[in-house]
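Pasting protein-v1.cif here (mmCIF, C-alpha atoms):
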data_coords
#
loop_
_atom_site.group_PDB
_atom_site.id
_atom_site.type_symbol
_atom_site.label_atom_id
_atom_site.label_comp_id
_atom_site.auth_asym_id
_atom_site.auth_seq_id
_atom_site.Cartn_x
_atom_site.Cartn_y
_atom_site.Cartn_z
ATOM 1 C CA MET O 1366 0.000 0.000 0.000
ATOM 2 C CA ILE O 1367 1.035 3.514 -0.109
ATOM 3 C CA ILE O 1368 1.556 6.904 -0.762
ATOM 4 C CA VAL O 1369 2.315 10.452 -1.582
ATOM 5 C CA ILE O 1370 3.656 13.265 -3.456
ATOM 6 C CA LEU O 1371 3.647 16.942 -3.374
ATOM 7 C CA ILE O 1372 6.795 18.753 -3.770
ATOM 8 C CA ALA O 1373 8.246 19.586 -0.401
ATOM 9 C CA LEU O 1374 7.824 23.314 -0.536
ATOM 10 C CA LEU O 1375 4.225 23.114 -1.555
ATOM 11 C CA GLN O 1376 3.263 20.799 1.210
ATOM 12 C CA VAL O 1377 0.048 22.115 2.605
ATOM 13 C CA PHE O 1378 -1.384 20.681 5.756
ATOM 14 C CA LYS O 1379 -4.890 21.688 4.871
ATOM 15 C CA PRO O 1380 -7.726 20.112 6.801
ATOM 16 C CA ALA O 1381 -10.047 17.668 5.129
ATOM 17 C CA GLN O 1382 -12.891 19.371 3.318
ATOM 18 C CA ASN O 1383 -15.814 20.226 5.595
ATOM 19 C CA LEU O 1384 -18.891 18.768 3.994
ATOM 20 C CA HIS O 1385 -21.314 21.084 5.799
ATOM 21 C CA LYS O 1386 -20.798 23.572 3.005
ATOM 22 C CA VAL O 1387 -20.877 21.124 0.133
ATOM 23 C CA LYS O 1388 -24.010 20.513 -1.894
ATOM 24 C CA PRO O 1389 -24.836 16.804 -2.052
ATOM 25 C CA ASP O 1390 -24.749 15.008 -5.397
ATOM 26 C CA TYR O 1391 -27.585 12.742 -4.281
ATOM 27 C CA THR O 1392 -30.190 12.900 -1.518
ATOM 28 C CA LEU O 1393 -31.794 9.580 -0.643
ATOM 29 C CA THR O 1394 -32.882 7.251 2.154
ATOM 30 C CA SER O 1395 -30.596 4.678 3.748
ATOM 31 C CA SER O 1396 -32.836 1.897 2.428
ATOM 32 C CA GLN O 1397 -32.700 3.190 -1.129
ATOM 33 C CA LEU O 1398 -28.911 3.505 -1.051
ATOM 34 C CA PHE O 1399 -28.461 -0.001 0.282
ATOM 35 C CA ALA O 1400 -30.950 -1.414 -2.233
ATOM 36 C CA ASP O 1401 -29.047 0.195 -5.109
ATOM 37 C CA PHE O 1402 -25.807 -1.464 -3.962
ATOM 38 C CA SER O 1403 -27.487 -4.825 -3.364
ATOM 39 C CA GLU O 1404 -29.118 -4.908 -6.768
ATOM 40 C CA ASN O 1405 -26.060 -4.017 -8.797
ATOM 41 C CA GLU O 1406 -22.854 -3.226 -6.977
ATOM 42 C CA SER O 1407 -20.765 -2.202 -9.967
ATOM 43 C CA GLN O 1408 -23.484 0.109 -11.225
ATOM 44 C CA ALA O 1409 -23.878 1.601 -7.745
ATOM 45 C CA ASN O 1410 -20.109 2.032 -7.469
ATOM 46 C CA ALA O 1411 -20.081 3.956 -10.731
ATOM 47 C CA LYS O 1412 -22.962 6.151 -9.589
ATOM 48 C CA TYR O 1413 -22.098 6.841 -5.949
ATOM 49 C CA VAL O 1414 -18.435 6.234 -5.140
ATOM 50 C CA GLY O 1415 -16.568 9.484 -4.611
ATOM 51 C CA LYS O 1416 -19.848 11.409 -4.584
ATOM 52 C CA ILE O 1417 -21.305 13.391 -1.689
ATOM 53 C CA LEU O 1418 -24.487 11.776 -0.427
ATOM 54 C CA LEU O 1419 -27.128 13.137 1.925
ATOM 55 C CA VAL O 1420 -28.621 10.036 3.485
ATOM 56 C CA LYS O 1421 -31.709 9.981 5.674
ATOM 57 C CA GLY O 1422 -32.377 7.112 8.007
ATOM 58 C CA GLU O 1423 -32.852 5.805 11.504
ATOM 59 C CA ILE O 1424 -29.928 5.136 13.778
ATOM 60 C CA LYS O 1425 -29.217 1.464 14.367
ATOM 61 C CA GLU O 1426 -26.139 2.054 16.483
ATOM 62 C CA VAL O 1427 -23.521 4.666 17.312
ATOM 63 C CA ILE O 1428 -20.223 2.791 17.413
ATOM 64 C CA HIS O 1429 -17.159 4.064 19.256
ATOM 65 C CA ALA O 1430 -14.282 2.798 17.192
ATOM 66 C CA ASN O 1431 -10.667 3.613 17.975
ATOM 67 C CA ASP O 1432 -11.238 7.141 19.279
ATOM 68 C CA GLU O 1433 -13.630 7.835 16.449
ATOM 69 C CA LYS O 1434 -17.355 7.518 15.955
ATOM 70 C CA VAL O 1435 -19.256 5.628 13.311
ATOM 71 C CA ILE O 1436 -23.020 5.950 12.950
ATOM 72 C CA LEU O 1437 -24.766 2.917 11.550
ATOM 73 C CA LEU O 1438 -28.056 3.692 9.792
ATOM 74 C CA LYS O 1439 -30.735 1.045 9.397
ATOM 75 C CA THR O 1440 -31.710 -0.403 6.045
ATOM 76 C CA GLU O 1441 -34.254 -3.027 5.019
ATOM 77 C CA ASP O 1442 -31.517 -5.601 5.546
ATOM 78 C CA ILE O 1443 -31.500 -6.951 9.084
ATOM 79 C CA PHE O 1444 -27.697 -7.174 9.277
ATOM 80 C CA SER O 1445 -26.297 -4.500 6.992
ATOM 81 C CA GLY O 1446 -26.601 -0.755 7.171
ATOM 82 C CA ILE O 1447 -25.013 2.485 6.092
ATOM 83 C CA SER O 1448 -21.736 2.978 7.957
ATOM 84 C CA CYS O 1449 -21.028 6.691 8.446
ATOM 85 C CA ARG O 1450 -17.587 7.559 9.794
ATOM 86 C CA LEU O 1451 -17.895 10.992 11.357
ATOM 87 C CA THR O 1452 -15.405 13.761 10.852
ATOM 88 C CA GLY O 1453 -13.773 14.934 14.106
ATOM 89 C CA SER O 1454 -15.866 18.077 14.537
ATOM 90 C CA GLU O 1455 -19.026 15.943 14.799
ATOM 91 C CA PHE O 1456 -17.972 13.694 17.676
ATOM 92 C CA LEU O 1457 -19.649 15.847 20.340
ATOM 93 C CA LYS O 1458 -22.926 15.946 18.432
ATOM 94 C CA ALA O 1459 -22.842 12.185 18.194
ATOM 95 C CA GLU O 1460 -22.949 11.956 21.988
ATOM 96 C CA LEU O 1461 -26.473 13.357 21.850
ATOM 97 C CA LEU O 1462 -27.813 10.814 19.402
ATOM 98 C CA ASN O 1463 -30.057 7.932 20.330
ATOM 99 C CA LYS O 1464 -30.853 4.598 18.791
ATOM 100 C CA ASN O 1465 -33.885 4.682 16.444
ATOM 101 C CA GLN O 1466 -33.618 8.441 16.056
ATOM 102 C CA SER O 1467 -34.147 9.766 12.517
ATOM 103 C CA ILE O 1468 -31.254 11.801 11.194
ATOM 104 C CA ALA O 1469 -29.630 12.932 7.993
ATOM 105 C CA VAL O 1470 -25.942 12.422 7.413
ATOM 106 C CA LYS O 1471 -23.834 13.906 4.641
ATOM 107 C CA GLY O 1472 -20.715 12.052 3.626
ATOM 108 C CA GLN O 1473 -18.570 10.800 0.782
ATOM 109 C CA CYS O 1474 -19.336 7.297 -0.436
ATOM 110 C CA SER O 1475 -16.436 4.873 -0.760
ATOM 111 C CA GLY O 1476 -18.310 1.684 -1.660
ATOM 112 C CA LYS O 1477 -19.768 -1.361 0.070
ATOM 113 C CA LEU O 1478 -18.442 -4.117 2.299
ATOM 114 C CA ILE O 1479 -20.919 -5.432 4.887
ATOM 115 C CA ASP O 1480 -22.403 -1.945 4.879
ATOM 116 C CA VAL O 1481 -22.390 0.871 2.395
ATOM 117 C CA VAL O 1482 -19.538 3.052 3.642
ATOM 118 C CA LEU O 1483 -19.532 6.842 3.930
ATOM 119 C CA ASN O 1484 -16.547 8.896 5.061
ATOM 120 C CA ASN O 1485 -15.891 12.358 6.386
ATOM 121 C CA CYS O 1486 -19.502 12.543 7.556
ATOM 122 C CA VAL O 1487 -21.349 15.459 9.120
ATOM 123 C CA ILE O 1488 -24.693 15.332 10.901
ATOM 124 C CA ILE O 1489 -27.254 17.548 9.203
ATOM 125 C CA ASN O 1490 -30.128 17.446 11.643
ATOM 126 C CA TYR O 1491 -30.722 15.613 14.833
ATOM 127 C CA MET Q 1171 -17.972 -8.986 -4.319
ATOM 128 C CA PHE Q 1172 -17.427 -9.573 -0.669
ATOM 129 C CA VAL Q 1173 -19.235 -12.685 0.442
ATOM 130 C CA PHE Q 1174 -18.011 -14.387 3.505
ATOM 131 C CA VAL Q 1175 -20.163 -16.273 5.790
ATOM 132 C CA HIS Q 1176 -20.778 -19.339 3.611
ATOM 133 C CA ALA Q 1177 -17.214 -20.451 4.009
ATOM 134 C CA PHE Q 1178 -17.508 -20.786 7.760
ATOM 135 C CA SER Q 1179 -18.302 -23.716 10.015
ATOM 136 C CA SER Q 1180 -21.468 -22.641 11.807
ATOM 137 C CA ALA Q 1181 -22.810 -19.232 12.703
ATOM 138 C CA GLN Q 1182 -22.227 -19.875 16.402
ATOM 139 C CA ASN Q 1183 -18.488 -19.905 15.967
ATOM 140 C CA VAL Q 1184 -18.331 -16.809 13.832
ATOM 141 C CA TYR Q 1185 -17.294 -13.392 15.081
ATOM 142 C CA PHE Q 1186 -17.303 -10.229 13.050
ATOM 143 C CA THR Q 1187 -16.592 -6.530 13.021
ATOM 144 C CA ARG Q 1188 -17.671 -3.735 10.690
ATOM 145 C CA THR Q 1189 -15.457 -1.141 12.389
ATOM 146 C CA GLY Q 1190 -12.068 -2.814 12.427
ATOM 147 C CA HIS Q 1191 -9.024 -0.577 12.397
ATOM 148 C CA ILE Q 1192 -6.111 -0.635 9.976
ATOM 149 C CA TYR Q 1193 -3.331 1.930 10.200
ATOM 150 C CA PHE Q 1194 -0.302 2.214 7.996
ATOM 151 C CA ILE Q 1195 2.704 4.454 7.889
ATOM 152 C CA SER Q 1196 5.381 5.191 5.334
ATOM 153 C CA GLN Q 1197 8.448 6.585 7.066
ATOM 154 C CA THR Q 1198 11.327 8.337 5.342
ATOM 155 C CA ASP Q 1199 13.906 10.888 6.443
ATOM 156 C CA VAL Q 1200 11.874 13.526 4.645
ATOM 157 C CA ILE Q 1201 8.338 12.828 5.784
ATOM 158 C CA ASP Q 1202 6.072 10.339 7.520
ATOM 159 C CA ILE Q 1203 2.795 9.641 5.776
ATOM 160 C CA ASP Q 1204 0.131 7.753 7.650
ATOM 161 C CA ALA Q 1205 -3.509 6.845 7.255
ATOM 162 C CA ASN Q 1206 -6.168 4.945 9.078
ATOM 163 C CA ASN Q 1207 -9.383 3.188 8.308
ATOM 164 C CA ASN Q 1208 -12.019 2.493 10.946
ATOM 165 C CA GLN Q 1209 -14.474 0.703 8.667
ATOM 166 C CA VAL Q 1210 -12.717 -2.555 8.006
ATOM 167 C CA ALA Q 1211 -15.049 -5.545 7.690
ATOM 168 C CA SER Q 1212 -13.812 -8.840 9.047
ATOM 169 C CA PHE Q 1213 -15.133 -12.285 9.926
ATOM 170 C CA PHE Q 1214 -13.349 -14.742 12.173
ATOM 171 C CA ASP Q 1215 -14.335 -18.374 12.657
ATOM 172 C CA ILE Q 1216 -12.916 -19.475 15.993
ATOM 173 C CA GLU Q 1217 -13.566 -23.153 15.232
ATOM 174 C CA THR Q 1218 -11.593 -23.353 11.996
ATOM 175 C CA GLY Q 1219 -9.297 -20.382 12.618
ATOM 176 C CA LYS Q 1220 -10.283 -18.882 9.281
ATOM 177 C CA LEU Q 1221 -10.215 -15.112 8.897
ATOM 178 C CA GLN Q 1222 -11.442 -12.769 6.194
ATOM 179 C CA PHE Q 1223 -10.880 -9.049 5.868
ATOM 180 C CA ALA Q 1224 -12.071 -6.484 3.369
ATOM 181 C CA VAL Q 1225 -11.283 -2.810 3.235
ATOM 182 C CA LEU Q 1226 -12.296 0.001 0.908
ATOM 183 C CA ILE Q 1227 -9.233 1.850 -0.319
ATOM 184 C CA LYS Q 1228 -11.122 5.131 -0.506
ATOM 185 C CA SER Q 1229 -12.018 5.034 3.167
ATOM 186 C CA PHE Q 1230 -8.444 5.456 4.368
ATOM 187 C CA GLU Q 1231 -8.150 8.913 5.914
ATOM 188 C CA PHE Q 1232 -4.744 10.581 5.968
ATOM 189 C CA SER Q 1233 -3.216 12.894 8.541
ATOM 190 C CA LEU Q 1234 -2.066 14.853 5.532
ATOM 191 C CA ALA Q 1235 -5.257 15.491 3.562
ATOM 192 C CA THR Q 1236 -3.535 15.979 0.228
ATOM 193 C CA ALA Q 1237 -2.005 12.529 0.487
ATOM 194 C CA LYS Q 1238 -5.379 10.855 0.116
ATOM 195 C CA GLU Q 1239 -5.785 11.966 -3.458
ATOM 196 C CA HIS Q 1240 -2.362 10.763 -4.537
ATOM 197 C CA PHE Q 1241 -2.820 7.511 -2.701
ATOM 198 C CA ASN Q 1242 -6.104 6.784 -4.456
ATOM 199 C CA GLU Q 1243 -5.328 8.066 -7.909
ATOM 200 C CA SER Q 1244 -1.634 7.488 -8.496
ATOM 201 C CA TYR Q 1245 -0.699 4.592 -6.262
ATOM 202 C CA MET Q 1246 -3.721 2.434 -5.529
ATOM 203 C CA GLU Q 1247 -5.880 3.215 -8.599
ATOM 204 C CA SER Q 1248 -8.867 2.780 -6.327
ATOM 205 C CA ASP Q 1249 -11.459 3.373 -9.055
ATOM 206 C CA LYS Q 1250 -10.147 0.251 -10.715
ATOM 207 C CA TYR Q 1251 -9.326 -1.668 -7.519
ATOM 208 C CA PRO Q 1252 -11.744 -0.369 -4.866
ATOM 209 C CA LYS Q 1253 -11.046 -3.055 -2.239
ATOM 210 C CA ALA Q 1254 -8.181 -4.857 -0.636
ATOM 211 C CA THR Q 1255 -8.915 -8.262 0.863
ATOM 212 C CA PHE Q 1256 -7.250 -10.901 2.967
ATOM 213 C CA LYS Q 1257 -8.318 -14.505 3.406
ATOM 214 C CA GLY Q 1258 -6.343 -16.753 5.648
ATOM 215 C CA GLU Q 1259 -6.134 -18.897 8.693
ATOM 216 C CA ILE Q 1260 -4.345 -19.354 11.966
ATOM 217 C CA ASN Q 1261 -1.526 -21.887 11.704
ATOM 218 C CA GLU Q 1262 -1.881 -23.100 15.289
ATOM 219 C CA VAL Q 1263 -5.634 -23.740 15.117
ATOM 220 C CA ASP Q 1264 -5.268 -27.409 16.102
ATOM 221 C CA GLU Q 1265 -3.182 -26.578 19.159
ATOM 222 C CA ILE Q 1266 -5.305 -23.882 20.784
ATOM 223 C CA ASP Q 1267 -8.941 -23.542 21.754
ATOM 224 C CA LEU Q 1268 -10.152 -20.078 20.840
ATOM 225 C CA LYS Q 1269 -13.333 -20.648 22.815
ATOM 226 C CA GLU Q 1270 -11.279 -20.484 25.995
ATOM 227 C CA PRO Q 1271 -10.591 -16.991 27.327
ATOM 228 C CA GLY Q 1272 -6.920 -16.101 27.140
ATOM 229 C CA ILE Q 1273 -4.231 -14.428 25.092
ATOM 230 C CA TYR Q 1274 -2.786 -16.391 22.211
ATOM 231 C CA GLN Q 1275 0.277 -15.641 20.103
ATOM 232 C CA VAL Q 1276 -0.311 -17.060 16.644
ATOM 233 C CA ASP Q 1277 0.765 -16.841 13.028
ATOM 234 C CA VAL Q 1278 -1.756 -16.083 10.329
ATOM 235 C CA LYS Q 1279 -1.124 -17.188 6.769
ATOM 236 C CA GLY Q 1280 -3.197 -16.327 3.754
ATOM 237 C CA SER Q 1281 -3.762 -14.404 0.541
ATOM 238 C CA LEU Q 1282 -3.564 -10.649 0.560
ATOM 239 C CA THR Q 1283 -4.993 -8.952 -2.516
ATOM 240 C CA ILE Q 1284 -4.127 -5.328 -3.209
ATOM 241 C CA ARG Q 1285 -4.531 -3.665 -6.619
ATOM 242 C CA GLY Q 1286 -5.717 -6.977 -7.990
ATOM 243 C CA ILE Q 1287 -2.392 -8.627 -7.106
ATOM 244 C CA THR Q 1288 -2.519 -11.543 -4.682
ATOM 245 C CA LYS Q 1289 0.435 -12.459 -2.466
ATOM 246 C CA ILE Q 1290 0.724 -15.108 0.200
ATOM 247 C CA ILE Q 1291 1.759 -13.525 3.473
ATOM 248 C CA GLU Q 1292 2.415 -14.925 6.927
ATOM 249 C CA VAL Q 1293 2.250 -12.550 9.868
ATOM 250 C CA PRO Q 1294 2.326 -12.815 13.666
ATOM 251 C CA ALA Q 1295 -0.830 -11.901 15.566
ATOM 252 C CA GLU Q 1296 -2.054 -11.685 19.124
ATOM 253 C CA ILE Q 1297 -5.567 -12.857 19.854
ATOM 254 C CA GLU Q 1298 -7.291 -12.057 23.106
ATOM 255 C CA VAL Q 1299 -10.415 -14.078 23.802
ATOM 256 C CA ARG Q 1300 -12.836 -12.609 26.319
ATOM 257 C CA ASN Q 1301 -16.421 -13.461 27.083
ATOM 258 C CA ASN Q 1302 -18.365 -12.820 23.907
ATOM 259 C CA ALA Q 1303 -15.633 -10.624 22.473
ATOM 260 C CA ILE Q 1304 -12.336 -11.165 20.737
ATOM 261 C CA ASN Q 1305 -9.553 -8.720 20.008
ATOM 262 C CA ALA Q 1306 -6.998 -9.507 17.320
ATOM 263 C CA LYS Q 1307 -3.901 -7.444 16.653
ATOM 264 C CA SER Q 1308 -1.125 -7.700 14.145
ATOM 265 C CA GLU Q 1309 1.721 -5.598 12.900
ATOM 266 C CA PHE Q 1310 3.714 -6.342 9.778
ATOM 267 C CA VAL Q 1311 5.580 -4.796 6.910
ATOM 268 C CA LEU Q 1312 4.594 -4.803 3.249
ATOM 269 C CA ALA Q 1313 6.879 -4.036 0.338
ATOM 270 C CA ILE Q 1314 5.002 -1.753 -2.031
ATOM 271 C CA ALA Q 1315 6.826 -3.229 -5.014
ATOM 272 C CA ASP Q 1316 5.127 -6.577 -4.288
ATOM 273 C CA PHE Q 1317 1.859 -4.979 -5.332
ATOM 274 C CA ASN Q 1318 3.322 -3.241 -8.335
ATOM 275 C CA ILE Q 1319 2.896 0.207 -6.793
ATOM 276 C CA LYS Q 1320 5.102 2.547 -8.750
ATOM 277 C CA VAL Q 1321 6.461 5.723 -7.255
ATOM 278 C CA PRO Q 1322 7.665 8.464 -9.605
ATOM 279 C CA LYS Q 1323 11.411 9.142 -9.331
ATOM 280 C CA VAL Q 1324 10.900 12.723 -8.229
ATOM 281 C CA VAL Q 1325 9.127 11.665 -5.028
ATOM 282 C CA GLN Q 1326 10.909 8.391 -4.328
ATOM 283 C CA HIS Q 1327 12.729 9.872 -1.340
ATOM 284 C CA ARG Q 1328 9.354 10.683 0.242
ATOM 285 C CA VAL Q 1329 7.708 7.287 0.001
ATOM 286 C CA ALA Q 1330 9.065 4.299 1.912
ATOM 287 C CA LYS Q 1331 9.663 1.058 0.039
ATOM 288 C CA GLN Q 1332 8.414 -0.805 3.088
ATOM 289 C CA VAL Q 1333 5.230 0.269 4.761
ATOM 290 C CA MET Q 1334 4.325 -0.685 8.302
ATOM 291 C CA VAL Q 1335 0.767 -1.935 8.741
ATOM 292 C CA ASN Q 1336 -1.056 -2.194 12.033
ATOM 293 C CA VAL Q 1337 -4.301 -4.165 12.326
ATOM 294 C CA ASN Q 1338 -6.603 -4.039 15.363
ATOM 295 C CA MET Q 1339 -9.974 -5.793 15.324
ATOM 296 C CA ASP Q 1340 -12.592 -5.895 18.061
ATOM 297 C CA TYR Q 1341 -14.890 -8.750 17.169
ATOM 298 C CA ALA Q 1342 -18.389 -9.430 18.443
ATOM 299 C CA PRO Q 1343 -20.458 -12.580 17.919
ATOM 300 C CA TYR Q 1344 -22.076 -12.737 14.500
ATOM 301 C CA LYS Q 1345 -25.781 -13.202 14.991
ATOM 302 C CA LYS Q 1346 -28.389 -12.558 12.376
#
Translate the structure of the given file into structure tokens.
Amino acid sequence: MIIVILIALLQVFKPAQNLHKVKPDYTLTSSQLFADFSENESQANAKYVGKILLVKGEIKEVIHANDEKVILLKTEDIFSGISCRLTGSEFLKAELLNKNQSIAVKGQCSGKLIDVVLNNCVIINY
Amino acid sequence: MFVFVHAFSSAQNVYFTRTGHIYFISQTDVIDIDANNNQVASFFDIETGKLQFAVLIKSFEFSLATAKEHFNESYMESDKYPKATFKGEINEVDEIDLKEPGIYQVDVKGSLTIRGITKIIEVPAEIEVRNNAINAKSEFVLAIADFNIKVPKVVQHRVAKQVMVNVNMDYAPYKK
């Protein structure tokens, strides 16, 4: 695996893009997103991966993972969900969330494993 | 596709995580570049000692934000190869009982696929079995040339030929 470039002098330690200000490419429910990946993963990859998604759904679980927080949204599938890895500025907000609560999360889609995976996520309403 | 569970003995013996952690670092005299991924999917059958991992390349987050783009586009070609996977098993599975709480030092051998290239690797791991939870840790080094990752001459001094990888999985029982 591995890594980088960027000529030394130009090295910019800029923070990751804050998605609060970014307009989503797609707005959809957690169930719809998961269904699209289940029906045709390669087609869903082509449509969603790298794109900013605003996903609405109910919270299945807020997972504390290695000093970070991942929100799992429910889908029609009993086991799989939408896995939303929060960006650091959202960790405090996540403390206030409850299971079964309806929320919207904006994040960048990176594909599907067990769950459809979103990164760099922000919580839109809660 | 990432389909695991069929390959396992019975659901009772299967543990899983959807938020496993993989960290890697490239260290050179010029710069350290590191990234981590908290959304690694893994299944672990404690009866057969079989393990499976899958990770989305695009969900590695870098301390240095600009590195992510280069990593995905130039080095990993993640549009073409969106996942890395590992399938393997614990060598000592016949000698230890992973249903018994304890800490076990083991070796894991299997096929690691990155950028569509599969290599057999064998790495040490520590497995801690608790009640209804298992932690597995491993640290090993990968040579980027093994996966045909090419680094342009102009930045070769900034990218290590050997990258250290750290894996830390907190497994829970897999129950539908």
Using all atoms listed in the file, which residues of segment 1235-1345 of chain Q come within 12 Å of segment 1458-1482 of chain O, and what is the closest atom pair for each, with the distance in Å to one decimal? Give it as CSV, sorted by chain and residue number.
residue,atom,partner,partner_atom,distance
Q:Asn1242,CA,O:Ser1475,CA,11.1
Q:Ser1248,CA,O:Ser1475,CA,9.6
Q:Asp1249,CA,O:Ser1475,CA,9.8
Q:Tyr1251,CA,O:Gly1476,CA,11.2
Q:Pro1252,CA,O:Gly1476,CA,7.6
Q:Lys1253,CA,O:Gly1476,CA,8.7
Q:Ala1254,CA,O:Leu1478,CA,10.7
Q:Thr1255,CA,O:Leu1478,CA,10.5
Should the cut-off be 6 Å, what would the residue list for chain Q against chain O look like, counting only C-alpha atoms, as JSON, numbers by chain? {"Q": [1228, 1229, 1234, 1235, 1237, 1240, 1241, 1314, 1325]}
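Residues lying within 9 Å of Ile1201 of chain Q, counting only C-alpha atoms and ignoring same-chain neighbours fewer than 6 positions away, are His1327, Arg1328 and Val1329 of chain Q.
For the file at hand, the PyMOL selection byres ((chain Q and resi 1212-1220) around 6) resolves to Asn1183, Val1184, Tyr1185, Phe1186, Thr1187, Ala1211, Leu1221, Gln1222, Phe1223, Gly1258, Glu1259, Ile1260, Val1263 and Leu1268 of chain Q.
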For the file shown, what are the residues hit by the PyMOL selection byres ((chain Q and resi 1270) around 12), laid out as a compact mmCIF listing (two decimals) with C-alpha atoms, keeping the file's coordinate frame?
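result_30.txt written:
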# COMPACT_ATOMS: atom_id res chain seq x y z
CA ILE Q 1216 -12.92 -19.48 15.99
CA GLU Q 1217 -13.57 -23.15 15.23
CA ILE Q 1266 -5.30 -23.88 20.78
CA ASP Q 1267 -8.94 -23.54 21.75
CA LEU Q 1268 -10.15 -20.08 20.84
CA LYS Q 1269 -13.33 -20.65 22.82
CA PRO Q 1271 -10.59 -16.99 27.33
CA GLY Q 1272 -6.92 -16.10 27.14
CA ILE Q 1273 -4.23 -14.43 25.09
CA TYR Q 1274 -2.79 -16.39 22.21
CA ILE Q 1297 -5.57 -12.86 19.85
CA GLU Q 1298 -7.29 -12.06 23.11
CA VAL Q 1299 -10.42 -14.08 23.80
CA ARG Q 1300 -12.84 -12.61 26.32
CA ASN Q 1301 -16.42 -13.46 27.08
CA ASN Q 1302 -18.36 -12.82 23.91
CA ALA Q 1303 -15.63 -10.62 22.47
CA ILE Q 1304 -12.34 -11.16 20.74
